[in-house]
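K.L.:
Contents of run.pdb (PDB, N, CA and C atoms):
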ATOM      1  N   MET A  27       0.857  -1.164   0.000
ATOM      2  CA  MET A  27       0.000   0.000   0.000
ATOM      3  C   MET A  27       0.911   1.238   0.000
ATOM      4  N   ASP A  28       0.604   2.204  -0.846
ATOM      5  CA  ASP A  28       1.416   3.418  -0.909
ATOM      6  C   ASP A  28       1.095   4.335   0.279
ATOM      7  N   LYS A  29       1.932   5.342   0.488
ATOM      8  CA  LYS A  29       1.796   6.226   1.649
ATOM      9  C   LYS A  29       0.445   6.935   1.668
ATOM     10  N   GLU A  30       0.008   7.432   0.528
ATOM     11  CA  GLU A  30      -1.275   8.138   0.481
ATOM     12  C   GLU A  30      -2.421   7.247   0.952
ATOM     13  N   SER A  31      -2.423   6.008   0.517
ATOM     14  CA  SER A  31      -3.458   5.060   0.942
ATOM     15  C   SER A  31      -3.365   4.781   2.430
ATOM     16  N   GLN A  32      -2.148   4.673   2.943
ATOM     17  CA  GLN A  32      -1.957   4.432   4.372
ATOM     18  C   GLN A  32      -2.441   5.611   5.209
ATOM     19  N   VAL A  33      -2.203   6.820   4.719
ATOM     20  CA  VAL A  33      -2.683   8.019   5.417
ATOM     21  C   VAL A  33      -4.207   8.011   5.469
ATOM     22  N   ILE A  34      -4.846   7.740   4.355
ATOM     23  CA  ILE A  34      -6.313   7.694   4.301
ATOM     24  C   ILE A  34      -6.847   6.617   5.237
ATOM     25  N   TYR A  35      -6.185   5.471   5.252
ATOM     26  CA  TYR A  35      -6.591   4.373   6.133
ATOM     27  C   TYR A  35      -6.489   4.811   7.593
ATOM     28  N   MET A  36      -5.399   5.504   7.964
ATOM     29  CA  MET A  36      -5.244   5.982   9.335
ATOM     30  C   MET A  36      -6.310   7.021   9.668
ATOM     31  N   GLN A  37      -6.581   7.936   8.749
ATOM     32  CA  GLN A  37      -7.604   8.953   8.987
ATOM     33  C   GLN A  37      -8.961   8.293   9.233
ATOM     34  N   THR A  38      -9.260   7.271   8.489
ATOM     35  CA  THR A  38     -10.524   6.551   8.640
ATOM     36  C   THR A  38     -10.587   5.841   9.986
ATOM     37  N   ARG A  39      -9.507   5.134  10.339
ATOM     38  CA  ARG A  39      -9.470   4.433  11.632
ATOM     39  C   ARG A  39      -9.649   5.412  12.784
ATOM     40  N   LEU A  40      -8.968   6.553  12.706
ATOM     41  CA  LEU A  40      -9.045   7.517  13.797
ATOM     42  C   LEU A  40     -10.403   8.198  13.877
ATOM     43  N   THR A  41     -11.048   8.398  12.746
ATOM     44  CA  THR A  41     -12.404   8.946  12.748
ATOM     45  C   THR A  41     -13.343   7.995  13.476
ATOM     46  N   ARG A  42     -13.245   6.729  13.153
ATOM     47  CA  ARG A  42     -14.104   5.727  13.811
ATOM     48  C   ARG A  42     -13.786   5.605  15.300
ATOM     49  N   LEU A  43     -12.503   5.585  15.637
ATOM     50  CA  LEU A  43     -12.092   5.464  17.032
ATOM     51  C   LEU A  43     -12.548   6.682  17.835
ATOM     52  N   ALA A  44     -12.403   7.868  17.282
ATOM     53  CA  ALA A  44     -12.840   9.086  17.966
ATOM     54  C   ALA A  44     -14.347   9.046  18.208
ATOM     55  N   ALA A  45     -15.102   8.633  17.221
ATOM     56  CA  ALA A  45     -16.556   8.547  17.376
ATOM     57  C   ALA A  45     -16.912   7.610  18.528
ATOM     58  N   GLU A  46     -16.227   6.495  18.593
ATOM     59  CA  GLU A  46     -16.486   5.521  19.656
ATOM     60  C   GLU A  46     -16.050   6.065  21.018
ATOM     61  N   GLN A  47     -14.845   6.587  21.102
ATOM     62  CA  GLN A  47     -14.291   7.058  22.380
ATOM     63  C   GLN A  47     -15.007   8.304  22.896
ATOM     64  N   TRP A  48     -15.375   9.194  22.006
ATOM     65  CA  TRP A  48     -15.958  10.479  22.398
ATOM     66  C   TRP A  48     -17.479  10.473  22.355
ATOM     67  N   LYS A  49     -18.069   9.316  22.046
ATOM     68  CA  LYS A  49     -19.531   9.177  21.999
ATOM     69  C   LYS A  49     -20.161  10.204  21.060
ATOM     70  N   MET A  50     -19.589  10.288  19.863
ATOM     71  CA  MET A  50     -20.096  11.185  18.817
ATOM     72  C   MET A  50     -20.420  10.345  17.594
ATOM     73  N   SER A  51     -21.233  10.884  16.716
ATOM     74  CA  SER A  51     -21.528  10.179  15.468
ATOM     75  C   SER A  51     -20.351  10.335  14.502
ATOM     76  N   LEU A  52     -20.256   9.433  13.542
ATOM     77  CA  LEU A  52     -19.205   9.538  12.531
ATOM     78  C   LEU A  52     -19.279  10.863  11.769
ATOM     79  N   PRO A  53     -20.476  11.304  11.339
ATOM     80  CA  PRO A  53     -20.537  12.599  10.650
ATOM     81  C   PRO A  53     -20.081  13.773  11.527
ATOM     82  N   GLN A  54     -20.378  13.715  12.827
ATOM     83  CA  GLN A  54     -19.936  14.786  13.726
ATOM     84  C   GLN A  54     -18.406  14.830  13.807
ATOM     85  N   VAL A  55     -17.795  13.665  13.975
ATOM     86  CA  VAL A  55     -16.330  13.602  14.067
ATOM     87  C   VAL A  55     -15.705  14.032  12.751
ATOM     88  N   ALA A  56     -16.237  13.531  11.646
ATOM     89  CA  ALA A  56     -15.690  13.891  10.334
ATOM     90  C   ALA A  56     -15.768  15.399  10.110
ATOM     91  N   SER A  57     -16.868  16.007  10.508
ATOM     92  CA  SER A  57     -17.029  17.448  10.363
ATOM     93  C   SER A  57     -16.028  18.195  11.249
ATOM     94  N   LEU A  58     -15.898  17.764  12.497
ATOM     95  CA  LEU A  58     -14.935  18.364  13.415
ATOM     96  C   LEU A  58     -13.517  18.254  12.870
ATOM     97  N   PHE A  59     -13.156  17.052  12.411
ATOM     98  CA  PHE A  59     -11.814  16.824  11.874
ATOM     99  C   PHE A  59     -11.563  17.687  10.641
ATOM    100  N   GLU A  60     -12.557  17.810   9.799
ATOM    101  CA  GLU A  60     -12.399  18.621   8.585
ATOM    102  C   GLU A  60     -12.268  20.101   8.936
ATOM    103  N   GLU A  61     -13.159  20.585   9.792
ATOM    104  CA  GLU A  61     -13.170  22.004  10.157
ATOM    105  C   GLU A  61     -11.896  22.434  10.885
ATOM    106  N   ARG A  62     -11.359  21.556  11.708
ATOM    107  CA  ARG A  62     -10.196  21.895  12.531
ATOM    108  C   ARG A  62      -8.860  21.443  11.935
ATOM    109  N   GLY A  63      -8.889  20.913  10.728
ATOM    110  CA  GLY A  63      -7.643  20.557  10.052
ATOM    111  C   GLY A  63      -6.984  19.284  10.549
ATOM    112  N   VAL A  64      -7.755  18.430  11.220
ATOM    113  CA  VAL A  64      -7.181  17.199  11.770
ATOM    114  C   VAL A  64      -6.711  16.264  10.661
ATOM    115  N   TYR A  65      -7.466  16.165   9.584
ATOM    116  CA  TYR A  65      -7.037  15.274   8.495
ATOM    117  C   TYR A  65      -5.705  15.731   7.904
ATOM    118  N   ARG A  66      -5.531  17.035   7.747
ATOM    119  CA  ARG A  66      -4.238  17.559   7.268
ATOM    120  C   ARG A  66      -3.139  17.290   8.290
ATOM    121  N   TYR A  67      -3.475  17.459   9.567
ATOM    122  CA  TYR A  67      -2.522  17.212  10.647
ATOM    123  C   TYR A  67      -2.059  15.753  10.634
ATOM    124  N   ILE A  68      -2.985  14.828  10.488
ATOM    125  CA  ILE A  68      -2.638  13.405  10.433
ATOM    126  C   ILE A  68      -1.719  13.140   9.243
ATOM    127  N   ALA A  69      -2.048  13.703   8.091
ATOM    128  CA  ALA A  69      -1.211  13.499   6.901
ATOM    129  C   ALA A  69       0.192  14.071   7.127
ATOM    130  N   LYS A  70       0.248  15.240   7.736
ATOM    131  CA  LYS A  70       1.538  15.890   7.993
ATOM    132  C   LYS A  70       2.377  15.081   8.984
ATOM    133  N   MET A  71       1.739  14.513   9.993
ATOM    134  CA  MET A  71       2.439  13.806  11.066
ATOM    135  C   MET A  71       2.543  12.299  10.834
ATOM    136  N   TRP A  72       2.106  11.830   9.675
ATOM    137  CA  TRP A  72       2.031  10.392   9.426
ATOM    138  C   TRP A  72       3.355   9.678   9.671
ATOM    139  N   ASP A  73       4.470  10.277   9.302
ATOM    140  CA  ASP A  73       5.765   9.608   9.477
ATOM    141  C   ASP A  73       6.004   9.229  10.938
ATOM    142  N   LEU A  74       5.533  10.039  11.858
ATOM    143  CA  LEU A  74       5.635   9.722  13.284
ATOM    144  C   LEU A  74       4.467   8.836  13.722
ATOM    145  N   PHE A  75       3.265   9.192  13.309
ATOM    146  CA  PHE A  75       2.073   8.486  13.764
ATOM    147  C   PHE A  75       2.032   7.023  13.344
ATOM    148  N   HIS A  76       2.573   6.682  12.189
ATOM    149  CA  HIS A  76       2.415   5.306  11.716
ATOM    150  C   HIS A  76       3.173   4.292  12.569
ATOM    151  N   ILE A  77       4.054   4.764  13.448
ATOM    152  CA  ILE A  77       4.764   3.833  14.325
ATOM    153  C   ILE A  77       4.146   3.780  15.721
ATOM    154  N   GLU A  78       3.088   4.550  15.944
ATOM    155  CA  GLU A  78       2.379   4.564  17.218
ATOM    156  C   GLU A  78       1.047   3.841  17.077
ATOM    157  N   GLY A  79       0.492   3.445  18.190
ATOM    158  CA  GLY A  79      -0.827   2.828  18.191
ATOM    159  C   GLY A  79      -1.915   3.865  18.004
ATOM    160  N   ASP A  80      -3.067   3.422  17.562
ATOM    161  CA  ASP A  80      -4.172   4.341  17.290
ATOM    162  C   ASP A  80      -4.597   5.134  18.522
ATOM    163  N   LEU A  81      -4.592   4.524  19.703
ATOM    164  CA  LEU A  81      -4.996   5.253  20.907
ATOM    165  C   LEU A  81      -4.004   6.365  21.230
ATOM    166  N   ALA A  82      -2.725   6.115  21.024
ATOM    167  CA  ALA A  82      -1.717   7.159  21.254
ATOM    168  C   ALA A  82      -1.885   8.292  20.255
ATOM    169  N   VAL A  83      -2.162   7.950  19.016
ATOM    170  CA  VAL A  83      -2.365   8.980  17.992
ATOM    171  C   VAL A  83      -3.635   9.766  18.302
ATOM    172  N   LEU A  84      -4.689   9.080  18.720
ATOM    173  CA  LEU A  84      -5.933   9.776  19.062
ATOM    174  C   LEU A  84      -5.703  10.727  20.237
ATOM    175  N   ASP A  85      -4.879  10.331  21.200
ATOM    176  CA  ASP A  85      -4.547  11.223  22.312
ATOM    177  C   ASP A  85      -3.840  12.479  21.795
ATOM    178  N   ASP A  86      -2.941  12.311  20.848
ATOM    179  CA  ASP A  86      -2.258  13.455  20.248
ATOM    180  C   ASP A  86      -3.252  14.348  19.511
ATOM    181  N   VAL A  87      -4.173  13.735  18.776
ATOM    182  CA  VAL A  87      -5.204  14.490  18.060
ATOM    183  C   VAL A  87      -6.061  15.269  19.052
ATOM    184  N   LYS A  88      -6.399  14.653  20.178
ATOM    185  CA  LYS A  88      -7.195  15.329  21.217
ATOM    186  C   LYS A  88      -6.441  16.553  21.736
ATOM    187  N   GLN A  89      -5.147  16.415  21.971
ATOM    188  CA  GLN A  89      -4.338  17.551  22.414
ATOM    189  C   GLN A  89      -4.313  18.650  21.345
ATOM    190  N   TYR A  90      -4.208  18.242  20.101
ATOM    191  CA  TYR A  90      -4.234  19.185  18.978
ATOM    192  C   TYR A  90      -5.561  19.958  18.973
ATOM    193  N   LEU A  91      -6.655  19.229  19.140
ATOM    194  CA  LEU A  91      -7.968  19.878  19.161
ATOM    195  C   LEU A  91      -8.127  20.771  20.387
ATOM    196  N   ASP A  92      -7.658  20.310  21.536
ATOM    197  CA  ASP A  92      -7.739  21.127  22.753
ATOM    198  C   ASP A  92      -6.985  22.437  22.557
ATOM    199  N   ALA A  93      -5.849  22.355  21.889
ATOM    200  CA  ALA A  93      -5.069  23.564  21.619
ATOM    201  C   ALA A  93      -5.832  24.520  20.708
ATOM    202  N   LYS A  94      -6.712  23.981  19.897
ATOM    203  CA  LYS A  94      -7.538  24.794  19.007
ATOM    204  C   LYS A  94      -8.888  25.119  19.650
ATOM    205  N   GLU A  95      -9.039  24.748  20.920
ATOM    206  CA  GLU A  95     -10.258  24.996  21.677
ATOM    207  C   GLU A  95     -11.483  24.381  21.022
ATOM    208  N   ALA A  96     -11.311  23.166  20.534
ATOM    209  CA  ALA A  96     -12.426  22.447  19.907
ATOM    210  C   ALA A  96     -13.131  21.595  20.960
ATOM    211  N   ALA A  97     -14.420  21.510  20.869
ATOM    212  CA  ALA A  97     -15.184  20.713  21.796
ATOM    213  C   ALA A  97     -15.244  19.268  21.323
ATOM    214  N   CYS A  98     -14.709  18.375  22.114
ATOM    215  CA  CYS A  98     -14.841  16.951  21.846
ATOM    216  C   CYS A  98     -14.856  16.217  23.170
ATOM    217  N   GLY A  99     -15.246  14.919  23.132
ATOM    218  CA  GLY A  99     -15.458  14.124  24.317
ATOM    219  C   GLY A  99     -14.436  14.035  25.346
TER     220      GLY A  99
END
In structure tokens, write the structure found in this file.
P.N.:
Amino acid sequence: MDKESQVIYMQTRLTRLAAEQWKMSLPQVASLFEERGVYRYIAKMWDLFHIEGDLAVLDDVKQYLDAKEAACG
């Protein structure tokens, strides 16, 4: 799988995981991630993120959102 496909796969996994962990719907998480630049952030940080587990990456994403004062679970 090429890097672009792996990034998309990670973005999808994290969207689903965030919805589950934060008790939000998939469309709500996807909208939040899009509005706050999380998908771009994941793509930018993929070289580091791909060696971490999804929960660790989601924790980093949560910190990123908190820094942007975004409301999430």
K.L.:
What does the structure give for the distance between atom C of A:Ser57 and atom N of A:Leu91, in Å to one decimal?
P.N.:
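Answer for the atom C of A:Ser57 to atom N of A:Leu91 separation: 12.3 Å.
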K.L.:
Figure out the distance between atom C of A:His76 and atom C of A:Val33, please, to one decimal in Å.
P.N.:
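Going from atom C of A:Val33 over to atom C of A:His76, I get 10.9 Å.
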K.L.:
Need the shell around A:Lys29: protein/DNA/RNA residues with any atom at most 12 Å away, counting only C-alpha atoms. Skip same-chain ones fewer than 2 positions apart. Format as a list in words?
P.N.:
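Using only C-alpha atoms, the neighbours found are Met27, Ser31, Gln32, Val33, Ile34, Tyr35, Met36, Ala69, Lys70, Trp72, Asp73 and His76 of chain A.
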K.L.:
If you take every atom of stretch 28-46 of chain A that the file lists and fit an axis-aligned box around them with 5 Å extra on each side, what centre and edge lengths come out in Å to one decimal, as JSON?
P.N.:
{"center_x": -7.5, "center_y": 5.6, "center_z": 10.1, "size_x": 28.8, "size_y": 16.9, "size_z": 31.9}
K.L.:
Do you have the atom N of A:Gln54-atom N of A:Glu78 distance handy?
P.N.:
25.4 Å
K.L.:
Determine the residue set returned by the PyMOL selection byres (((chain A and resi 80 and name CA) around 12) and name CA) for the present structure, and present it as a list in words.
P.N.:
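Selection result, ordered by chain and number: Tyr35, Met36, Gln37, Thr38, Arg39, Leu40, Thr41, Arg42, Leu43, Ala44, Gln47, Ile68, Trp72, Leu74, Phe75, His76, Ile77, Glu78, Gly79, Leu81, Ala82, Val83, Leu84, Asp85, Asp86 and Val87 of chain A.
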K.L.:
From chain A, collect each residue whose DSSP state is helix (DSSP H, G or I) and return the set as a count of residues only.
P.N.:
56
K.L.:
Pull stretch 70-83 of chain A out of the block and emit N, CA and C atoms, as a PDB file, in the first residue's frame.
P.N.:
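Output saved as decode.pdb:
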ATOM      1  N   LYS A  70       0.248  15.240   7.736  1.00  0.00           N
ATOM      2  CA  LYS A  70       1.538  15.890   7.993  1.00  0.00           C
ATOM      3  C   LYS A  70       2.377  15.081   8.984  1.00  0.00           C
ATOM      4  N   MET A  71       1.739  14.513   9.993  1.00  0.00           N
ATOM      5  CA  MET A  71       2.439  13.806  11.066  1.00  0.00           C
ATOM      6  C   MET A  71       2.543  12.299  10.834  1.00  0.00           C
ATOM      7  N   TRP A  72       2.106  11.830   9.675  1.00  0.00           N
ATOM      8  CA  TRP A  72       2.031  10.392   9.426  1.00  0.00           C
ATOM      9  C   TRP A  72       3.355   9.678   9.671  1.00  0.00           C
ATOM     10  N   ASP A  73       4.470  10.277   9.302  1.00  0.00           N
ATOM     11  CA  ASP A  73       5.765   9.608   9.477  1.00  0.00           C
ATOM     12  C   ASP A  73       6.004   9.229  10.938  1.00  0.00           C
ATOM     13  N   LEU A  74       5.533  10.039  11.858  1.00  0.00           N
ATOM     14  CA  LEU A  74       5.635   9.722  13.284  1.00  0.00           C
ATOM     15  C   LEU A  74       4.467   8.836  13.722  1.00  0.00           C
ATOM     16  N   PHE A  75       3.265   9.192  13.309  1.00  0.00           N
ATOM     17  CA  PHE A  75       2.073   8.486  13.764  1.00  0.00           C
ATOM     18  C   PHE A  75       2.032   7.023  13.344  1.00  0.00           C
ATOM     19  N   HIS A  76       2.573   6.682  12.189  1.00  0.00           N
ATOM     20  CA  HIS A  76       2.415   5.306  11.716  1.00  0.00           C
ATOM     21  C   HIS A  76       3.173   4.292  12.569  1.00  0.00           C
ATOM     22  N   ILE A  77       4.054   4.764  13.448  1.00  0.00           N
ATOM     23  CA  ILE A  77       4.764   3.833  14.325  1.00  0.00           C
ATOM     24  C   ILE A  77       4.146   3.780  15.721  1.00  0.00           C
ATOM     25  N   GLU A  78       3.088   4.550  15.944  1.00  0.00           N
ATOM     26  CA  GLU A  78       2.379   4.564  17.218  1.00  0.00           C
ATOM     27  C   GLU A  78       1.047   3.841  17.077  1.00  0.00           C
ATOM     28  N   GLY A  79       0.492   3.445  18.190  1.00  0.00           N
ATOM     29  CA  GLY A  79      -0.827   2.828  18.191  1.00  0.00           C
ATOM     30  C   GLY A  79      -1.915   3.865  18.004  1.00  0.00           C
ATOM     31  N   ASP A  80      -3.067   3.422  17.562  1.00  0.00           N
ATOM     32  CA  ASP A  80      -4.172   4.341  17.290  1.00  0.00           C
ATOM     33  C   ASP A  80      -4.597   5.134  18.522  1.00  0.00           C
ATOM     34  N   LEU A  81      -4.592   4.524  19.703  1.00  0.00           N
ATOM     35  CA  LEU A  81      -4.996   5.253  20.907  1.00  0.00           C
ATOM     36  C   LEU A  81      -4.004   6.365  21.230  1.00  0.00           C
ATOM     37  N   ALA A  82      -2.725   6.115  21.024  1.00  0.00           N
ATOM     38  CA  ALA A  82      -1.717   7.159  21.254  1.00  0.00           C
ATOM     39  C   ALA A  82      -1.885   8.292  20.255  1.00  0.00           C
ATOM     40  N   VAL A  83      -2.162   7.950  19.016  1.00  0.00           N
ATOM     41  CA  VAL A  83      -2.365   8.980  17.992  1.00  0.00           C
ATOM     42  C   VAL A  83      -3.635   9.766  18.302  1.00  0.00           C
TER      43      VAL A  83
END
